[in-house]
Structures are given as structure tokens and as C-alpha cells.
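Reading through the C-alpha cells given below for one structure.
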Amino acid sequence: MQTTEYLTTVIQELQGMIPQIAENDAEQLVHSISDTSKVFVAGAGRSGLMGKALVMRMMHMGIDAYIIGETVTANLEKDDLLIIGSGSGETETLVAIANKARRLGGKVAVITTKPDSTLGQLADLTIQLPGVAKDQTADAQQTIQPMGSLFEQTLLLFFDAVILRYMELNHLDSAKMYGKHANLE
């Protein structure tokens, strides 16, 4: 296959994911973001990078949002929201973070391919994204992409859709958000 043919297949795979995402769960996440003072986001590897993209957009919207593990992260307090992206739902460091957030009185939202996972069980809100975890077991949804790429791409696009819905509910547009964009570059 040529590179653009691979791109076409990747886009087709992503389009197939959309109808499999529960709208009511997505809407609940948007409202959870609206109803909290601070939002914390965690993920490992490429899922963590997708989380960083979400936090950047939240910052542009004026939301007090942080990436777990960064040096400028605030302290999580009662009723703050922790959003975790994990394909497997079993990443030990993320399980520890979720447990700590719960002990501190925070709310936990998990986006995963496996809602019955350890993280899914710990969560106040679990959103299942279709796709496969990096081990791609034989019974998993098929993809031409390596490891967890389909989940990670779906996670990024899902986060962007959450941002768009938040913008709609809060009457934000790109012009208002651009004022919070970095200008020291």
C-alpha cells in the first residue's frame, strides 16, 4: 500500500469508532468538567500525550487544568476531577494515581477500551472507547495499526470533541480562546 492508502484506511477505522461511543457518557464528562474547580489529567505513553493536548485546550478555555507529574501541578482537593486515559485500564502507576485521587475526595473519570479493568472499577465515570490495547489480543477489534494507535487516535479526537461541546455550552469560540494562547514564542 502507498502512504496515502494507509491514511485512508486509518481514517476509515476512526470513522468506525464514532458510533460505538456512548453519547450520554461523553456528555457526563463535559458536565463533570464544568462542575469542578480543577481538572487533572493522567495517562502513560502516547495516551499521556493525548491528555496533554486536552489540558492545553482546557487552559485556552480558562479551565484550571493540570497534567499529573508536571512540576507546576497543583494539589488535588475534594471534588476536583481526575481524567485518566488508559487503553488497558491496568497501568499500575495510573491505578495508584486513581486510588490517591479517591482518597483525597476527588472524582475519577477513566477513558479506556476495557471498562471492567482495574481503572474502570475505580472510576466514578467510565467511558469506553473502541479500539485495541497495545497487546492486540486475537478477540480484539482488528486494525492495521500497531499496538494502541487506534485507541490513542480515538482518544485525541474524543478529547477534541469534548472541548467543542464545552465551548458550545459555555459560549466560547476560537477568538476568545486565542487570547490565552502562548505568545512568547
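Ligands are numbered from 1 in the order shown, residues from 1 within each chain, and chains are lettered A, B, ... in the order they appear in the C-alpha cells.
Residues in contact range of Thr93 in chain A, defined as at most 10 Å between only C-alpha atoms, with sequence neighbours fewer than 3 positions away removed, read Ala42, Gly43, Ala44, Glu90, Ala96, Ile97, Ala98 and Asn99 of chain A.
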Apply DSSP to the structure's backbone, then extract all residues of chain A labelled strand (DSSP E or B) and return them as a VMD selection string.
-> chain A and resid 39 to 43 65 to 67 81 to 85 107 to 112 125 to 128
Smallest atom-to-atom distance to Met58 in chain A: which of A:Ile111, A:Leu29, A:Ile84, A:Met177, using only C-alpha atoms?
-> A:Met177
For range 119-125 of chain A, please output as a ChimeraX atom specification all residues within 12 Å (counting only C-alpha atoms; exclusion window: fewer than 3 positions along the same chain).
-> /A:22,24-33,42-43,79,81-103,105-116,128-129
For Val55 in chain A, list every protein, DNA or RNA residue within 7 Å, evaluated using only C-alpha atoms, and leave out those in the same chain fewer than 3 positions away; present the list as a compact mmCIF listing (two decimals) with all heavy atoms, in the first residue's frame.
# COMPACT_ATOMS: atom_id res chain seq x y z
N GLY A 51 -3.56 13.33 26.54
CA GLY A 51 -4.02 14.07 27.71
C GLY A 51 -3.42 15.46 27.79
O GLY A 51 -4.09 16.42 28.17
N LYS A 52 -2.15 15.59 27.41
CA LYS A 52 -1.52 16.90 27.40
C LYS A 52 -2.21 17.83 26.41
O LYS A 52 -2.38 19.02 26.67
CB LYS A 52 -0.03 16.79 27.07
CG LYS A 52 0.79 16.24 28.22
CD LYS A 52 2.26 16.22 27.90
CE LYS A 52 3.05 15.75 29.11
NZ LYS A 52 4.49 15.89 28.93
N MET A 58 -7.92 23.03 27.50
CA MET A 58 -8.63 23.48 28.70
C MET A 58 -8.06 24.80 29.19
O MET A 58 -8.80 25.71 29.57
CB MET A 58 -8.57 22.42 29.80
CG MET A 58 -9.42 21.23 29.57
SD MET A 58 -9.30 20.14 31.01
CE MET A 58 -10.33 18.81 30.48
N MET A 59 -6.74 24.90 29.18
CA MET A 59 -6.09 26.14 29.58
C MET A 59 -6.54 27.28 28.67
O MET A 59 -6.83 28.38 29.14
CB MET A 59 -4.57 25.95 29.54
CG MET A 59 -3.77 27.18 29.96
SD MET A 59 -3.40 28.34 28.62
CE MET A 59 -2.53 27.33 27.46
N ALA A 65 -6.50 23.53 34.79
CA ALA A 65 -6.23 22.13 34.44
C ALA A 65 -4.74 21.83 34.50
O ALA A 65 -3.90 22.70 34.19
CB ALA A 65 -6.76 21.85 33.04
N TYR A 66 -4.42 20.58 34.86
CA TYR A 66 -3.03 20.18 35.10
C TYR A 66 -2.77 18.76 34.60
O TYR A 66 -3.66 17.91 34.63
CB TYR A 66 -2.71 20.21 36.60
CG TYR A 66 -2.97 21.55 37.23
CD1 TYR A 66 -4.21 21.84 37.80
CD2 TYR A 66 -1.99 22.53 37.22
CE1 TYR A 66 -4.46 23.08 38.36
CE2 TYR A 66 -2.22 23.78 37.78
CZ TYR A 66 -3.47 24.05 38.35
OH TYR A 66 -3.71 25.28 38.89
N ILE A 67 -1.53 18.52 34.23
CA ILE A 67 -1.05 17.18 33.90
C ILE A 67 -0.38 16.62 35.15
O ILE A 67 0.53 17.25 35.71
CB ILE A 67 -0.02 17.22 32.74
CG1 ILE A 67 -0.70 17.64 31.45
CG2 ILE A 67 0.68 15.88 32.57
CD1 ILE A 67 -1.64 16.63 30.87
Every residue of range 22-131 of chain A that DSSP places in helix (DSSP H, G or I), as JSON, numbers by chain | {"A": [23, 24, 25, 26, 27, 28, 29, 30, 31, 32, 33, 34, 45, 46, 47, 48, 49, 50, 51, 52, 53, 54, 55, 56, 57, 58, 59, 60, 92, 93, 94, 95, 96, 97, 98, 99, 100, 101, 102, 103, 118, 119, 120, 121, 122]}
